[in-house]
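Asker: Got a structure here, written out as structure tokens. Questions coming.
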Amino acid sequence: MAADKTAYLGRSVQRLEDPPLVTGQARFAADINFPNQLHMRMVRSSYAHGEIVSIDTSEAQAMPGVVAIWTAIDIADIGPVDFRADRAAEALKPYRQPVLAKGRVRYVGDPVAAVFAEDPYLAEDAAEAVVIEIEELPVIVSADDPPGEFAAGHGTEAAVMHHGYGDIDAAFANADTVIELDLRTGRHSGVPMETRGAIGRYDAANDILELHGAAKVPHRNQETLVKMLGRDASRMHLHECHVGGGFGIRGELYPEDILVLLAAMRLGRPVKWIEDRQEHLMCANQGREQHHLARVAVDAEGRILGIDDEFFHDQGAYIRTHGSNVANRTMCTITGPYRVPAFRAVCHFRLTNKTPCATYRAPGRYESTFVRERLIDAIAPELGIDPIEVRKRNLIAAAEMPYTIAFDEPHVSDMVLDSGDYAGLLDKAVAAFGWQALKVELARRRADGELVGAGIGMFIEEGGRGPTDGARIAVDINGEVEVITGGASLGQGFETAMAQICAEALGVDYRRVRVIHGHTDLIPYGIGAHATRATVMTGSAVDVAAKMVREIAIDAAAEMLQTPADGLDINDGTVARRNDPAGPAVTLGEIARRLAPDAAKPGQGDPGLAAEGFFTTTDTVFPYGVHLAVVRIDRGTGAVAVERFMVAYDVGRAVNPMMIEGQLVGGCIQGLGGALYEEFVYDEEGQPMAVTLADYLVPTLREAPDIEVLITEDAPSPLNPLGLKSAGEGGINGVGAAIAGAIGEAIGDPGAVRRLPLTPARVMDLLRRADAGSS
Amino acid sequence: MKPAAFSYHAPETIAEAVAILAEVAPEDGRVLAGGQSLVPTMAFRLARPAHLVDINGVEGLDRLVLDGDELSIGACVRHAAFHRPVVEGCLGPLLSSVARHIGHYPIRQRGTFCGSLAQADPASEWCLAAVTLGATMTAMSVRGSRQIRARDFFEGIMTTALADDELLTEARLAIPPSDTRFGFAEFNRVAGGFAIAMVLAAFRLEDGVITEPRLGVGGVEERPRRIAEAEAALEGRAPGAEAFRAAADAAAGAVDPMEDINTSAGYRRDLVATLAFRALEQAGRALEQAGA
Amino acid sequence: MNAKHDITLAINGEAYAISVEARRTLADAIREECGQTGTHLGCEHGVCGTCTVIVDGAPVRSCLMFAVQCDGASIRTVEGLADGGEPHPLQRAFMEHHALQCGFCTPGFLMLAVAVLERDPDIGDEDLLDILSSNLCRCTGYANIVKAVRAAAAEMRQC
């Protein structure tokens, strides 16, 4: 056990985050209060599209406790919410969302006015009394509809984007078989249990404007806010508190964030806004809604010659902070883990009169995996080849790594798949699942009249994209370690993971490591927690910084213990001789005292047992996975029961297997939500039909099967010192694909499923069609 | 999602409660019992009563007793009271199995049987039970007391025969003959979700054939109702798949299902066929178990 | 209509004399007037269970009760679970079994489970799963919550 004591990397240690969370001591956005604060309530459009004729705030203004009511003219000096990603997309800028609707409303929930009052109840009373007169305009509810006008000179088709390489026409001309599918992924989203929240506070004594309740990308948002509000970065700070789940949708800048900051400045009082659940379900970013017309060309052996995909991306009413990133990620990952000699994707990036969309966990990739794996599943019966075998014939081989996918378009970065043994993972997953025996058993059950089937979803993930992150580590005179990062925690266990990495590199107990994140005033840079970057980028920086601190400590100890540095080691916070661990020793606290500014000797270098380390990369890491599902359909209701589900995933290197398993299982249940239950449905007037949790169906325990997890570390990334690849999105990516395949097999028509989510009513339709087809 | 302001009244006797109700009903006063349906609609400000008359402190309304050959359920009897059978014989277990379908455990700690009836949500399990089992409701006001039969009580979605100033003080369920067999089947998409369709079936056997069949359908039309065509298909027939299928098809053919954007009339009709058959099968199995 | 009511809430054994409008929900009163912010609000319409507290022994959604209805009632929240510095077996089990990630839903799950296990220590597993399906969690996928509650139930039965 002694040997394990300081080996923290790779161990399922308990989380440092937990004690305040289980005792009610955590501080989430709604728990933050400042003296004399005001409460903001939004007045939102109840129409999906229309001209604002008039806004009458007079009655509301006169109500008790109301301090101010703003409409667009009150903040005419502030521009729309800016992009933080896809900044080059000049052509998309006219589609950005204004902070308050100007002239037009474009979705139900579009903010038109903001009420500031002494109490949230009074604010809501007053918001109800604001009268907005709207003249309705024609509504576009589907990206399939013919494009219309967004604004003068700008159509609702904001862009048509192309990605491709190779000779796609030749691929199809030479194909033995061509398969074409019409596929749709439904609109759903992260729906974290905590709604959004933002508290703006102006510290006039120091001229600092503060945003509390930040998440995900505080430093990126600081950059955007500085530009939008015209402040110095040193006078505009964001503070992350506890965050009740993010999943990609929380932490982006939204109109409400800008409003609380402006109001804090202009009204001279702190301003608090807590989103309610109904607002969340009609205003927070949604995602996934795409319609693909995809085809694949294969030779007689089932080898892919080319994939050609034209799709319609429903962006909703505005283009938010991500620009066109989700559509871009869709296009880049359609070929996934397979060798595809020729490729073409055309995306119609279209605005509709629905809630705006952006990234949700595995953005673009849940969609592209569904499309690609549906195509692969269609090849198998067409050529009479087993679906596993079709995949194996097309998977990129381990020996081909690193494998470069170079797109013709100069502005589209190459994808360099860093490492992986895709077929190896498929073999392991299939063996662990007992696939062969299972298929026999399922065939027997089908013969007995049961509607059961199995499906596969295979995919690559991408993460750890750079460019740079850093960390500052300092040891105090009691030997406690403080790690300051620009990372962010959305509940994924960031603090524990960073503490483990630091503890491993430095040689201390991880419980003595305190990890700071999400405060822009404590560190001027930070990558945040998005696109599964945190562990790779911030983790690598922590490793670098911790090793620097270790070196300083060992050098100092060498002098204190009169021993050559290379003969020393650090265990449990104590430096001793490698060959005499029980002999003379000095603790990190003692070294810190020796190196303290007031004790340091001249000529020793900078005082303090501290260091700042950076990690830079220009490349992306590509973890990969296999999802396997077994479903049973109730013929009488169309309900789908997931009998088994396996997530097999190669993480490169596991920092904390327990937390990785938690990420994979949690992500997988979210994926099942999007495959079977969750859907933001709109009627033909653009009215959202799922604005309560009784209508937007998040899976409960009863809809969550036990997920079998197989974590492998076969392909550590060569791109960072620890070989990390990250795990945040591997649980969700392939779920739609695997469930679709399983349902297809269950109803005896492998290609039947063309659309997610597979609600019971839709499954009944599929059954009816399959019955009609076979009779 | 904060409710609009209202005046709060907390009477302690029925007389006091109906007196207050008489006074505030014309000014949009409403009764607050368990609140598990009313309070969410207030949070969305879909309901904004000016007065709430909270009957949770009214003496005697939590009575749940066997009164002659009827079960008397007071206005404040919670769903949770039915988790374990409340009467001997076949009715107690039936009510337990129905109660488990109502929302979730914490909701059942507060929500009340009579509150569900007064709310008259088409997806309410108790409304279906009341109609199928033939409950009688007691409504009281300053004008006096009257009895309303279940089939006259439910008038449409969220609409009952209760006048604004009337308090539903109790519901009475006749104790069915002890050899009555029951089955209940409900379909919803997630645990604790609203019923998209449900069927409550009951029958007895005489000389090996079905008698006194009852088949009620809920969540499908604007109000729950017994389906005479299905009951006719059962009467006098031997219990078994053939009769059950005939009754289930008759029920599916007889209903006029509501439609919404997620649920077509055709799909609801399919569900009625499935659930009616399953409810009848369940009743049939109860029969076998009793016989064994 | 906006009249205030003087009421007393007894939260975790401590009396809070507060003055609230009738429309103030119990959840808001616990959080704002009484400052006990461990009880979280996830939906305010009774679906998610995040705001579950124990009122006079029963686990209830505190967003679906008005504070005035709880005048004099005994209320338990997550802040009262630990015994001094000693965590409750359920709190310990949640940490040991990684039954939380963001932790926002955790207080609601803890109070639901505490109430049920105190009422019915020998509850059957199917009933337990039914009851735990009352609350939503978006991070964990539930499996570890179930493990934690089962483990704590076994421990609580031994005590």
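The way I read the labels, and the way they are meant: chains A, B, ... in the order of the structure tokens, residue 1 as the first residue of every chain, and ligand 1 as the first ligand shown, with later ones counted on from there.
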Just need the residues of chain B within 10 Å of chain C, counting only C-alpha atoms, so spit them out as a ChimeraX atom specification.

Answerer: /B:1-10,34-44,50-52,54,56-57,100,103-110,190-193

Asker: Determine which residues of stretch 148-285 of chain B DSSP labels as strand (DSSP E or B) from the backbone of this structure, then write them out as a tab-separated table (two decimals) with C-alpha atoms, in the first residue's frame.

Answerer:
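Generated file (result.tsv):
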chain	number	residue	atom	x	y	z
B	148	ILE	CA	-73.51	14.23	-7.65
B	149	ARG	CA	-72.98	10.95	-9.44
B	154	PHE	CA	-67.14	15.35	-15.10
B	155	GLU	CA	-68.15	17.79	-17.79
B	156	GLY	CA	-64.96	18.26	-19.78
B	159	THR	CA	-64.56	21.20	-15.79
B	160	THR	CA	-66.95	19.63	-13.29
B	167	LEU	CA	-66.75	22.45	-1.66
B	168	LEU	CA	-66.31	18.81	-2.56
B	169	THR	CA	-66.29	17.41	0.96
B	170	GLU	CA	-66.19	13.72	0.20
B	171	ALA	CA	-66.36	11.06	-2.45
B	172	ARG	CA	-68.08	7.77	-1.78
B	173	LEU	CA	-67.16	4.54	-3.51
B	174	ALA	CA	-69.52	1.58	-3.36
B	181	ARG	CA	-61.92	-8.84	-10.41
B	182	PHE	CA	-60.01	-5.79	-11.48
B	183	GLY	CA	-57.34	-4.84	-13.91
B	184	PHE	CA	-55.70	-1.46	-14.50
B	185	ALA	CA	-53.31	-0.53	-17.30
B	186	GLU	CA	-51.79	2.85	-18.04
B	187	PHE	CA	-49.33	4.11	-20.60
B	197	ALA	CA	-54.20	6.52	-22.07
B	198	MET	CA	-55.43	4.20	-19.33
B	199	VAL	CA	-58.07	1.56	-18.84
B	200	LEU	CA	-59.75	0.26	-15.72
B	201	ALA	CA	-61.62	-3.00	-16.14
B	202	ALA	CA	-63.76	-5.00	-13.73
B	203	PHE	CA	-66.07	-7.97	-13.95
B	204	ARG	CA	-67.53	-10.88	-12.04
B	205	LEU	CA	-68.21	-14.39	-13.13
B	206	GLU	CA	-71.46	-16.22	-12.90
B	209	VAL	CA	-69.31	-16.27	-17.88
B	210	ILE	CA	-68.66	-12.58	-17.38
B	211	THR	CA	-71.25	-10.51	-15.64
B	212	GLU	CA	-71.38	-6.89	-14.47
B	213	PRO	CA	-68.52	-5.89	-16.78
B	214	ARG	CA	-67.13	-2.42	-16.42
B	215	LEU	CA	-64.56	-0.93	-18.72
B	216	GLY	CA	-63.54	2.69	-18.26
B	217	VAL	CA	-61.14	4.63	-20.45
B	218	GLY	CA	-59.23	7.70	-19.24
B	225	ARG	CA	-66.09	7.31	-19.38
B	226	ARG	CA	-67.26	3.74	-19.40

Asker: Once you count only C-alpha atoms, which residues of chain A turn out to be within 8 Å of chain B? Could you give them as a PyMOL selection string?

Answerer: chain A and resi 120-121+124-125+276-278+636-637+639+677+681+683+694+697+699-700+702-703+760-761+764

Asker: Quick check: residues of chain A within 7 Å of chain C, only C-alpha atoms, returned as a VMD selection string.

Answerer: chain A and resid 14 18 21 to 25 31 192 to 195 243 to 245 276 to 277 490 to 493 662 665 to 666 669 693 to 694 700 to 702 704 706

Asker: Find the distance between atom CA of A:Ala342 and atom CA of A:Val178 and write it in Å to one decimal.

Answerer: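 Atom CA of A:Val178 lies 13.7 Å from atom CA of A:Ala342.
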
Asker: For B:Glu23, which residue among B:Glu59, B:Ala252, B:Val142, B:Glu221 is the nearest when counting only C-alpha atoms?

Answerer: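 Ranking B:Glu59, B:Ala252, B:Val142, B:Glu221 by distance to B:Glu23, first place goes to B:Val142.
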
Asker: Among stretch 137-181 of chain B, which residues does DSSP mark as helix (DSSP H, G or I) when it is run on the backbone? Keep the chain and numbering as in the structure and answer as a PDB file with N, CA, C and O atoms, in the first residue's frame.

Answerer:
ATOM      1  N   ALA B 150     -70.872  10.289 -10.412  1.00  0.00           N
ATOM      2  CA  ALA B 150     -69.644  10.496 -11.191  1.00  0.00           C
ATOM      3  C   ALA B 150     -69.956  10.786 -12.651  1.00  0.00           C
ATOM      4  O   ALA B 150     -69.317  11.631 -13.284  1.00  0.00           O
ATOM      5  N   ARG B 151     -70.940  10.066 -13.194  1.00  0.00           N
ATOM      6  CA  ARG B 151     -71.176  10.252 -14.636  1.00  0.00           C
ATOM      7  C   ARG B 151     -71.727  11.633 -14.950  1.00  0.00           C
ATOM      8  O   ARG B 151     -71.696  12.080 -16.088  1.00  0.00           O
ATOM      9  N   ASP B 152     -72.259  12.302 -13.905  1.00  0.00           N
ATOM     10  CA  ASP B 152     -72.744  13.674 -14.119  1.00  0.00           C
ATOM     11  C   ASP B 152     -71.720  14.718 -13.667  1.00  0.00           C
ATOM     12  O   ASP B 152     -71.892  15.914 -13.865  1.00  0.00           O
ATOM     13  N   PHE B 153     -70.680  14.242 -12.990  1.00  0.00           N
ATOM     14  CA  PHE B 153     -69.745  15.161 -12.332  1.00  0.00           C
ATOM     15  C   PHE B 153     -68.739  15.755 -13.305  1.00  0.00           C
ATOM     16  O   PHE B 153     -68.458  16.954 -13.288  1.00  0.00           O
TER      17      PHE B 153
END

Asker: For B:Arg143, which residue out of B:Asp121, B:Ala15, B:Ala250, B:Met258 is the nearest one, using only C-alpha atoms?

Answerer: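 The closest residue to B:Arg143 is B:Ala15.
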
Asker: Can you tell me which residues surround C:Arg150 at a distance of at most 9 Å, considering only C-alpha atoms, apart from same-chain residues fewer than 4 positions away, and format the answer as a list in words?

Answerer: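 Those residues are Ala93, Asp125, Leu128, Ile145, Val146, Ala154 and Glu155 of chain C.
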
Asker: For A:Ala746, which residue out of A:Met401, A:Val691, A:Ala159, A:Val452 is the nearest one, using only C-alpha atoms?

Answerer: A:Val452
